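Enquirer: Structure file structure.txt, compact mmCIF, C-alpha atoms, is pasted below:
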# COMPACT_ATOMS: atom_id res chain seq x y z
CA MET V 1 98.92 112.66 47.33
CA SER V 2 101.09 115.05 49.34
CA ASP V 3 98.16 115.70 51.70
CA VAL V 4 97.84 111.99 52.32
CA ARG V 5 101.55 111.69 53.09
CA ARG V 6 101.42 114.72 55.38
CA THR V 7 98.42 113.28 57.23
CA SER V 8 100.13 109.91 57.54
CA ARG V 9 103.28 111.57 58.86
CA LEU V 10 101.32 113.60 61.40
CA TYR V 11 99.44 110.51 62.54
CA THR V 12 102.73 108.62 62.97
CA LEU V 13 104.21 111.46 65.01
CA TRP V 14 101.07 111.66 67.16
CA ARG V 15 101.11 107.90 67.74
CA LYS V 16 104.77 107.95 68.75
CA GLY V 17 104.16 110.92 71.02
CA VAL V 18 101.28 109.18 72.79
CA ASN V 19 103.39 106.04 73.11
CA HIS V 20 106.27 107.95 74.71
CA LEU V 21 103.86 109.83 76.96
CA PHE V 22 102.31 106.68 78.40
CA SER V 23 105.70 104.99 78.66
CA GLY V 24 106.90 107.96 80.69
CA VAL V 25 103.80 107.78 82.89
CA ALA V 26 104.45 104.06 83.49
CA VAL V 27 108.09 104.71 84.43
CA LEU V 28 107.05 107.59 86.70
CA SER V 29 104.44 105.39 88.41
CA THR V 30 107.09 102.73 89.01
CA LEU V 31 109.39 105.31 90.59
CA VAL V 32 106.52 106.55 92.78
CA VAL V 33 105.95 102.98 93.98
CA LEU V 34 109.64 102.39 94.68
CA ALA V 35 110.29 105.77 96.32
CA PRO V 36 108.58 105.03 99.69
CA LEU V 37 110.39 101.70 100.03
CA VAL V 38 113.76 103.25 99.23
CA ALA V 39 113.07 106.16 101.59
CA ILE V 40 112.12 103.82 104.44
CA LEU V 41 115.18 101.64 103.91
CA VAL V 42 117.53 104.61 103.75
CA TYR V 43 116.06 106.16 106.89
CA LEU V 44 116.16 102.85 108.80
CA LEU V 45 119.77 102.36 107.76
CA TYR V 46 120.58 105.88 108.94
CA MET V 47 118.83 105.49 112.30
CA GLY V 48 119.42 101.83 113.11
CA PHE V 49 122.62 100.61 111.48
CA SER V 50 124.87 102.21 114.11
CA SER V 51 123.15 100.17 116.85
CA LEU V 52 123.72 96.82 115.12
CA ASN V 53 126.50 94.80 116.68
CA LEU V 54 127.21 91.27 117.82
CA ALA V 55 125.43 91.82 121.14
CA PHE V 56 122.24 92.79 119.33
CA PHE V 57 122.03 89.33 117.72
CA THR V 58 123.33 87.28 120.67
CA GLN V 59 121.99 88.90 123.86
CA ILE V 60 118.56 89.38 125.38
CA PRO V 61 117.27 92.81 126.53
CA LYS V 62 119.03 94.35 129.51
CA PRO V 63 117.08 95.46 132.60
CA VAL V 64 115.98 99.08 132.91
CA GLY V 65 118.95 101.32 133.64
CA GLU V 66 121.59 99.09 131.99
CA LEU V 67 122.95 100.02 128.59
CA GLY V 68 123.40 97.55 125.77
CA GLY V 69 121.66 94.26 125.33
CA GLY V 70 120.06 92.90 122.22
CA MET V 71 117.03 91.24 120.67
CA ALA V 72 118.22 87.69 120.08
CA ASN V 73 115.19 86.18 121.81
CA SER V 74 112.84 88.43 119.81
CA ILE V 75 114.41 87.44 116.48
CA VAL V 76 114.06 83.73 117.28
CA GLY V 77 110.55 84.29 118.65
CA SER V 78 109.42 86.06 115.48
CA ALA V 79 110.83 83.23 113.37
CA ILE V 80 108.90 80.67 115.47
CA ILE V 81 105.63 82.60 115.27
CA MET V 82 105.93 83.13 111.53
CA ALA V 83 106.71 79.46 111.00
CA ILE V 84 103.56 78.48 112.91
CA SER V 85 101.38 81.01 111.08
CA SER V 86 102.75 80.00 107.67
CA ALA V 87 102.24 76.31 108.41
CA MET V 88 98.59 77.07 109.25
CA GLY V 89 97.65 79.86 106.88
CA ILE V 90 99.36 78.93 103.61
CA PRO V 91 98.05 75.33 103.19
CA VAL V 92 94.51 76.34 104.21
CA GLY V 93 94.57 79.38 101.92
CA ILE V 94 95.87 77.40 98.92
CA ALA V 95 93.32 74.62 99.50
CA ALA V 96 90.49 77.15 99.72
CA GLY V 97 91.69 78.89 96.56
CA VAL V 98 91.82 75.57 94.70
CA TYR V 99 88.25 74.81 95.75
CA LEU V 100 87.00 78.22 94.63
CA ALA V 101 88.74 78.05 91.24
CA GLU V 102 88.44 74.37 90.35
CA TYR V 103 85.40 72.93 92.13
CA GLY V 104 83.18 75.70 93.45
CA ARG V 105 82.23 77.72 90.38
CA GLY V 106 78.63 78.85 90.69
CA ARG V 107 78.06 77.12 94.04
CA MET V 108 76.60 78.90 97.03
CA MET V 109 79.31 77.57 99.34
CA ALA V 110 81.99 79.01 97.07
CA ASN V 111 80.29 82.40 96.97
CA LEU V 112 80.03 82.37 100.76
CA ALA V 113 83.70 81.43 101.12
CA ARG V 114 84.73 84.14 98.67
CA PHE V 115 82.68 86.75 100.51
CA THR V 116 84.10 85.62 103.86
CA ALA V 117 87.66 85.89 102.56
CA ASP V 118 87.04 89.41 101.26
CA VAL V 119 85.51 90.51 104.57
CA LEU V 120 88.25 88.85 106.63
CA ASN V 121 90.88 90.56 104.51
CA GLY V 122 89.56 93.94 105.67
CA VAL V 123 89.14 93.11 109.36
CA PRO V 124 91.55 95.16 111.54
CA SER V 125 94.37 93.10 112.97
CA ILE V 126 93.53 94.07 116.55
CA VAL V 127 90.06 92.53 116.10
CA VAL V 128 91.67 89.25 115.05
CA GLY V 129 93.93 89.43 118.11
CA ILE V 130 90.99 89.99 120.45
CA ALA V 131 89.04 87.13 118.84
CA VAL V 132 91.94 84.69 119.23
CA TYR V 133 92.45 85.92 122.79
CA ALA V 134 88.82 85.10 123.61
CA LEU V 135 88.77 81.77 121.77
CA VAL V 136 92.24 80.41 122.55
CA VAL V 137 94.12 82.35 125.22
CA VAL V 138 91.21 82.49 127.68
CA HIS V 139 90.64 78.74 127.39
CA GLN V 140 94.36 78.00 127.70
CA LYS V 141 94.55 80.41 130.65
CA HIS V 142 97.90 81.75 129.42
CA PHE V 143 99.50 83.55 126.48
CA SER V 144 101.49 81.45 124.05
CA ALA V 145 103.42 81.38 120.79
CA PHE V 146 100.84 78.94 119.42
CA SER V 147 97.98 81.40 119.86
CA ALA V 148 100.06 84.11 118.18
CA GLY V 149 100.64 81.79 115.22
CA ILE V 150 96.89 81.15 114.99
CA ALA V 151 96.13 84.87 114.91
CA LEU V 152 98.65 85.63 112.18
CA GLY V 153 97.68 82.47 110.28
CA ILE V 154 94.06 83.62 110.18
CA MET V 155 95.21 86.94 108.75
CA MET V 156 97.21 85.16 106.02
CA ILE V 157 94.36 82.93 104.82
CA PRO V 158 92.23 85.47 102.87
CA THR V 159 95.18 86.91 100.93
CA VAL V 160 96.50 83.46 99.99
CA THR V 161 92.99 82.23 99.12
CA ARG V 162 92.09 85.04 96.78
CA THR V 163 95.52 85.10 95.14
CA THR V 164 95.44 81.34 94.56
CA GLU V 165 91.97 81.56 93.04
CA GLU V 166 92.88 84.40 90.69
CA MET V 167 96.11 82.72 89.57
CA LEU V 168 94.35 79.41 88.88
CA LEU V 169 91.70 81.20 86.83
CA THR V 170 94.48 82.48 84.53
CA VAL V 171 95.49 78.91 83.62
CA PRO V 172 94.10 78.16 80.13
CA HIS V 173 91.30 75.58 80.02
CA ALA V 174 93.10 73.85 77.16
CA ILE V 175 95.82 72.73 79.56
CA ARG V 176 93.29 71.20 81.93
CA GLU V 177 91.45 69.52 79.06
CA ALA V 178 94.69 68.09 77.69
CA ALA V 179 95.52 66.59 81.09
CA LEU V 180 92.04 65.15 81.52
CA GLY V 181 92.13 63.83 77.95
CA LEU V 182 95.15 61.72 78.88
CA GLY V 183 93.08 59.99 81.54
CA ILE V 184 94.61 61.81 84.50
CA PRO V 185 92.23 62.15 87.48
CA LYS V 186 91.03 65.69 88.11
CA TRP V 187 92.76 65.99 91.50
CA ARG V 188 96.06 64.98 89.90
CA ALA V 189 95.53 67.43 87.04
CA VAL V 190 94.89 70.20 89.57
CA VAL V 191 98.00 69.37 91.61
CA SER V 192 100.42 68.59 88.79
CA VAL V 193 99.16 70.90 86.05
CA SER V 194 97.06 73.80 87.32
CA LEU V 195 99.00 74.46 90.54
CA MET V 196 102.37 74.07 88.85
CA THR V 197 101.39 76.45 86.06
CA ALA V 198 100.09 79.06 88.50
CA SER V 199 102.82 78.50 91.11
CA PRO V 200 104.76 81.77 90.50
CA GLY V 201 101.66 83.86 91.18
CA ILE V 202 100.61 81.71 94.13
CA ILE V 203 104.05 82.03 95.68
CA THR V 204 103.89 85.79 95.24
CA GLY V 205 100.56 85.83 97.07
CA CYS V 206 101.99 83.73 99.90
CA MET V 207 104.92 86.08 100.26
CA LEU V 208 102.60 89.07 100.21
CA ALA V 209 100.59 87.54 103.05
CA PHE V 210 103.82 86.68 104.91
CA ALA V 211 105.16 90.22 104.60
CA ARG V 212 101.82 91.69 105.67
CA VAL V 213 101.61 89.83 108.98
CA ALA V 214 105.33 89.72 109.84
CA GLY V 215 105.28 93.24 111.25
CA GLU V 216 101.91 93.07 113.02
CA THR V 217 102.00 94.10 116.68
CA ALA V 218 98.37 94.37 117.81
CA PRO V 219 97.51 90.64 117.54
CA LEU V 220 100.68 89.71 119.41
CA LEU V 221 99.75 91.94 122.35
CA PHE V 222 96.75 89.69 123.00
CA THR V 223 98.39 86.35 122.16
CA ALA V 224 102.19 86.15 122.44
CA PHE V 225 102.31 88.94 125.07
CA GLY V 226 106.11 89.12 124.93
CA ASN V 227 108.95 87.77 127.02
CA GLN V 228 112.16 89.41 128.22
CA PHE V 229 113.95 86.08 128.46
CA TRP V 230 114.66 83.06 126.27
CA SER V 231 111.56 80.95 125.62
CA LEU V 232 111.19 78.40 122.83
CA ARG V 233 108.08 76.68 124.16
CA LEU V 234 104.96 76.99 122.04
CA ASP V 235 102.66 76.97 125.07
CA GLN V 236 104.33 79.92 126.83
CA PRO V 237 104.60 83.69 126.20
CA ILE V 238 107.29 84.41 123.66
CA ALA V 239 109.26 87.46 122.54
CA ALA V 240 108.75 88.92 119.06
CA LEU V 241 110.47 91.72 117.19
CA PRO V 242 107.32 93.85 116.66
CA LEU V 243 106.50 93.65 120.38
CA GLN V 244 110.05 94.52 121.42
CA ILE V 245 110.20 97.41 118.95
CA PHE V 246 106.89 98.72 120.27
CA ALA V 247 108.05 98.48 123.90
CA TYR V 248 111.33 100.24 123.17
CA ALA V 249 109.76 102.91 120.95
CA ILE V 250 107.33 104.13 123.65
CA SER V 251 109.99 104.10 126.37
CA PRO V 252 111.65 107.31 127.61
CA TYR V 253 115.21 106.00 127.16
CA ASP V 254 117.37 107.07 124.22
CA ASP V 255 119.32 103.80 124.23
CA TRP V 256 116.09 101.85 123.85
CA HIS V 257 115.02 104.16 121.03
CA ARG V 258 118.22 103.32 119.15
CA LEU V 259 117.61 99.61 119.68
CA ALA V 260 114.05 100.06 118.40
CA TRP V 261 115.38 101.54 115.15
CA ALA V 262 117.86 98.69 114.86
CA GLY V 263 115.08 96.16 115.47
CA ALA V 264 112.92 97.78 112.78
CA LEU V 265 115.81 97.56 110.33
CA VAL V 266 116.39 93.89 111.14
CA LEU V 267 112.68 93.13 110.77
CA ILE V 268 112.55 94.72 107.31
CA LEU V 269 115.71 92.90 106.24
CA MET V 270 114.37 89.57 107.52
CA ILE V 271 111.20 90.01 105.46
CA MET V 272 113.13 91.02 102.34
CA ILE V 273 115.60 88.14 102.66
CA SER V 274 112.85 85.58 103.29
CA VAL V 275 110.80 86.75 100.30
CA THR V 276 113.86 86.83 98.04
CA LEU V 277 115.02 83.34 99.04
CA VAL V 278 111.58 81.80 98.58
CA ARG V 279 111.12 83.41 95.17
CA PHE V 280 114.61 82.32 94.09
CA VAL V 281 114.08 78.71 95.17
CA ALA V 282 110.59 78.65 93.64
CA ALA V 283 111.87 80.11 90.35
CA ARG V 284 114.55 77.45 90.13
CA GLY V 285 111.97 74.76 90.83
CA VAL V 286 109.68 76.09 88.09
CA MET V 287 112.56 76.23 85.63
CA LYS V 288 113.57 72.65 86.40
CA GLY V 289 109.97 71.51 86.07
CA ALA V 290 109.67 73.23 82.70
CA SER V 291 112.89 71.68 81.43
With the file now loaded, output its structure as structure tokens.
Expert:
Amino acid sequence: MSDVRRTSRLYTLWRKGVNHLFSGVAVLSTLVVLAPLVAILVYLLYMGFSSLNLAFFTQIPKPVGELGGGMANSIVGSAIIMAISSAMGIPVGIAAGVYLAEYGRGRMMANLARFTADVLNGVPSIVVGIAVYALVVVHQKHFSAFSAGIALGIMMIPTVTRTTEEMLLTVPHAIREAALGLGIPKWRAVVSVSLMTASPGIITGCMLAFARVAGETAPLLFTAFGNQFWSLRLDQPIAALPLQIFAYAISPYDDWHRLAWAGALVLILMIMISVTLVRFVAARGVMKGAS
């Protein structure tokens, strides 16, 4: 009897030890994931915070040789481009994901669309920029904010599509069957039941796609081109933070290097604030819907 108790005690200790070991590995992995983000934020704050002032947010870049200036036009330009790309990429990506998860199971068209999304997700951003340049900019005969939005929107579609599909596949079939059993049309069940249930994951995918393309520079070189002055027209070249940061970073002037660090800090903060606000609003909407 004592041997049985001793064996049981040893097994309990071993089980607790393994549990603590894997818990520690999970915590360590989380710290490893967070460490690069914290390091980048700390370094950007160290390098760029001293260059942030009112002029940075209210003035346009100064000519070569003049100190000061800001990136007000680039901040507004990035917001315009991201609004265009989100308006194009997110609805198309969600619609494609709904088709793959709800209507296209086992169909050749769905398999082709899924394969295309996976391939497009791995295409280098500069290739997308060159393609949009050839298809849009060349025909328009000028660079524009609209073409930049198309390029970034195309890059958002595969991430949103695949995330939407995977999140919809996690919705239990019993929920769909209950909705259909009440006589609700399938399209209404998809919109009101499936999408609402999977909305937190879908929103996360949209924000992931947004954050991925917000800092892209290569596509903008072939589409938006950049602008040193104020321009809010969608059919004209427009300034953008990644382009301005790139131009300042490769310059030989120390003042421009400081502004580049400040621009990088503002870009990261804009992405973080946008993602946080969207998730907060979406979470409140989900909670109200559940109540």
Enquirer: CA of Ala145 in chain V and CA of Ala260 in chain V, how far apart in Å?
Expert: 21.6 Å
Enquirer: V:Leu182, V:Leu220, V:Ile75, V:Val132: which is nearest Met270 in chain V, counting only C-alpha atoms?
Expert: V:Ile75
Enquirer: Skipping near chain neighbours, those fewer than 3 positions away, what residues fall within 12 Å of Asn53 in chain V using all atoms listed in the file, listed as a PyMOL selection string?
Expert: chain V and resi 48-50+56-59+68-72+259+262-263+266
Enquirer: Residues within 7 Å of range 128-131 of chain V, please, as a VMD selection string. Count all atoms listed in the file; anything in the same chain fewer than 2 positions from it doesn't count.
Expert: chain V and resid 124 to 126 133 to 135 151 218 to 220 222 to 223
Enquirer: Save the residues we just selected, C-alpha atoms, as a CSV table (one decimal), in the coordinates of the input?
Expert:
chain,number,residue,atom,x,y,z
V,124,PRO,CA,91.6,95.2,111.5
V,125,SER,CA,94.4,93.1,113.0
V,126,ILE,CA,93.5,94.1,116.6
V,133,TYR,CA,92.4,85.9,122.8
V,134,ALA,CA,88.8,85.1,123.6
V,135,LEU,CA,88.8,81.8,121.8
V,151,ALA,CA,96.1,84.9,114.9
V,218,ALA,CA,98.4,94.4,117.8
V,219,PRO,CA,97.5,90.6,117.5
V,220,LEU,CA,100.7,89.7,119.4
V,222,PHE,CA,96.8,89.7,123.0
V,223,THR,CA,98.4,86.4,122.2
Enquirer: Ranking V:Arg9, V:Leu169, V:Ala240, V:Arg258 by minimum distance to Ile202 in chain V and counting all atoms listed in the file, which one comes first?
Expert: V:Leu169
Enquirer: Determine the nearest neighbour of Asn227 in chain V from the options V:Ala214, V:Val76, V:Leu100, V:Ile40, counting all atoms listed in the file.
Expert: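 Checking each of V:Ala214, V:Val76, V:Leu100, V:Ile40 against Asn227 in chain V, counting all atoms listed in the file, the winner is V:Val76.
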Enquirer: Suppose you want the space between CA of Met272 in chain V and CA of Val25 in chain V; what is it in Å?
Expert: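 Spanning CA of Met272 in chain V to CA of Val25 in chain V is a straight-line distance of 27.3 Å.
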Enquirer: So how far away is CA of Leu152 in chain V from CA of Ala101 in chain V, in Å?
Expert: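 CA of Leu152 in chain V lies 24.4 Å from CA of Ala101 in chain V.
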Enquirer: What box, with edges along x, y and z, holds each listed atom of range 212-215 of chain V when 5 Å is added on every side, and can you state its centre and edge lengths in Å to one decimal, as JSON?
Expert:
{"center_x": 103.5, "center_y": 91.5, "center_z": 108.5, "size_x": 13.7, "size_y": 13.5, "size_z": 15.6}
Enquirer: If we draw a sphere of 12 Å around (100.6, 76.0, 124.6), which residues have at least one atom in it when counting all atoms listed in the file? Please report them as a list in words.
Expert: Val136, Val137, Val138, His139, Gln140, Lys141, His142, Phe143, Ser144, Ala145, Phe146, Ser147, Ala148, Gly149, Ile150, Thr223, Ala224, Leu232, Arg233, Leu234, Asp235, Gln236, Pro237 and Ile238 of chain V
Enquirer: Using all atoms listed in the file, which residue out of V:Ala189, V:Val127, V:Val33, V:Leu21 lies closest to Val171 in chain V?
Expert: V:Ala189
Enquirer: Which of these residues is nearest to Ala55 in chain V, using all atoms listed in the file: V:Val213, V:Leu168, V:Leu67, V:Val160?
Expert: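 Distance minimum relative to Ala55 in chain V lands on V:Leu67.
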Enquirer: For Phe115 in chain V, which of V:Arg162, V:Ala239, V:Ala198, V:Thr204 is the closest residue, counting only C-alpha atoms?
Expert: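 Using only C-alpha atoms, Phe115 in chain V sits closest to V:Arg162.
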Enquirer: Please reconstruct the missing atoms of range 22-54 of chain V (target: N, CA and C atoms) and return them as a tab-separated table (two decimals), keeping the file's coordinate frame.
Expert:
chain	number	residue	atom	x	y	z
V	22	PHE	N	102.77	107.72	77.49
V	22	PHE	CA	102.31	106.68	78.40
V	22	PHE	C	103.46	105.84	78.94
V	23	SER	N	104.52	105.68	78.14
V	23	SER	CA	105.70	104.99	78.66
V	23	SER	C	106.33	105.78	79.80
V	24	GLY	N	106.38	107.12	79.62
V	24	GLY	CA	106.90	107.96	80.69
V	24	GLY	C	106.04	107.91	81.93
V	25	VAL	N	104.70	107.88	81.74
V	25	VAL	CA	103.80	107.78	82.89
V	25	VAL	C	104.01	106.46	83.62
V	26	ALA	N	104.22	105.37	82.87
V	26	ALA	CA	104.45	104.06	83.49
V	26	ALA	C	105.75	104.06	84.29
V	27	VAL	N	106.81	104.65	83.71
V	27	VAL	CA	108.09	104.71	84.43
V	27	VAL	C	107.96	105.58	85.68
V	28	LEU	N	107.25	106.71	85.55
V	28	LEU	CA	107.05	107.59	86.70
V	28	LEU	C	106.26	106.88	87.79
V	29	SER	N	105.24	106.13	87.42
V	29	SER	CA	104.44	105.39	88.41
V	29	SER	C	105.30	104.36	89.12
V	30	THR	N	106.19	103.70	88.38
V	30	THR	CA	107.09	102.73	89.01
V	30	THR	C	108.01	103.41	90.02
V	31	LEU	N	108.53	104.58	89.66
V	31	LEU	CA	109.39	105.31	90.59
V	31	LEU	C	108.62	105.75	91.83
V	32	VAL	N	107.35	106.14	91.64
V	32	VAL	CA	106.52	106.55	92.78
V	32	VAL	C	106.30	105.37	93.72
V	33	VAL	N	106.14	104.17	93.16
V	33	VAL	CA	105.95	102.98	93.98
V	33	VAL	C	107.23	102.63	94.74
V	34	LEU	N	108.37	102.76	94.06
V	34	LEU	CA	109.64	102.39	94.68
V	34	LEU	C	110.14	103.44	95.67
V	35	ALA	N	109.76	104.68	95.48
V	35	ALA	CA	110.29	105.77	96.32
V	35	ALA	C	110.02	105.56	97.81
V	36	PRO	N	108.79	105.22	98.24
V	36	PRO	CA	108.58	105.03	99.69
V	36	PRO	C	109.44	103.91	100.27
V	37	LEU	N	109.56	102.79	99.54
V	37	LEU	CA	110.39	101.70	100.03
V	37	LEU	C	111.84	102.12	100.17
V	38	VAL	N	112.37	102.80	99.16
V	38	VAL	CA	113.76	103.25	99.23
V	38	VAL	C	113.94	104.25	100.36
V	39	ALA	N	112.97	105.16	100.53
V	39	ALA	CA	113.07	106.16	101.59
V	39	ALA	C	113.06	105.51	102.96
V	40	ILE	N	112.19	104.52	103.14
V	40	ILE	CA	112.12	103.82	104.44
V	40	ILE	C	113.42	103.08	104.72
V	41	LEU	N	113.94	102.38	103.71
V	41	LEU	CA	115.18	101.64	103.91
V	41	LEU	C	116.34	102.57	104.23
V	42	VAL	N	116.43	103.66	103.51
V	42	VAL	CA	117.53	104.61	103.75
V	42	VAL	C	117.43	105.19	105.16
V	43	TYR	N	116.22	105.57	105.57
V	43	TYR	CA	116.06	106.16	106.89
V	43	TYR	C	116.33	105.14	107.99
V	44	LEU	N	115.88	103.89	107.81
V	44	LEU	CA	116.16	102.85	108.80
V	44	LEU	C	117.65	102.57	108.88
V	45	LEU	N	118.33	102.56	107.74
V	45	LEU	CA	119.77	102.36	107.76
V	45	LEU	C	120.46	103.50	108.51
V	46	TYR	N	119.99	104.72	108.28
V	46	TYR	CA	120.58	105.88	108.94
V	46	TYR	C	120.36	105.84	110.45
V	47	MET	N	119.17	105.45	110.89
V	47	MET	CA	118.83	105.49	112.30
V	47	MET	C	119.25	104.23	113.05
V	48	GLY	N	119.23	103.08	112.38
V	48	GLY	CA	119.42	101.83	113.11
V	48	GLY	C	120.72	101.09	112.88
V	49	PHE	N	121.43	101.39	111.79
V	49	PHE	CA	122.62	100.61	111.48
V	49	PHE	C	123.71	100.78	112.53
V	50	SER	N	123.82	101.95	113.11
V	50	SER	CA	124.87	102.21	114.11
V	50	SER	C	124.67	101.39	115.39
V	51	SER	N	123.43	100.94	115.63
V	51	SER	CA	123.15	100.17	116.85
V	51	SER	C	123.28	98.66	116.63
V	52	LEU	N	123.56	98.25	115.40
V	52	LEU	CA	123.72	96.82	115.12
V	52	LEU	C	125.13	96.38	115.47
V	53	ASN	N	125.22	95.38	116.31
V	53	ASN	CA	126.50	94.80	116.68
V	53	ASN	C	126.27	93.35	117.05
V	54	LEU	N	127.33	92.69	117.48
V	54	LEU	CA	127.21	91.27	117.82
V	54	LEU	C	126.27	91.06	119.00
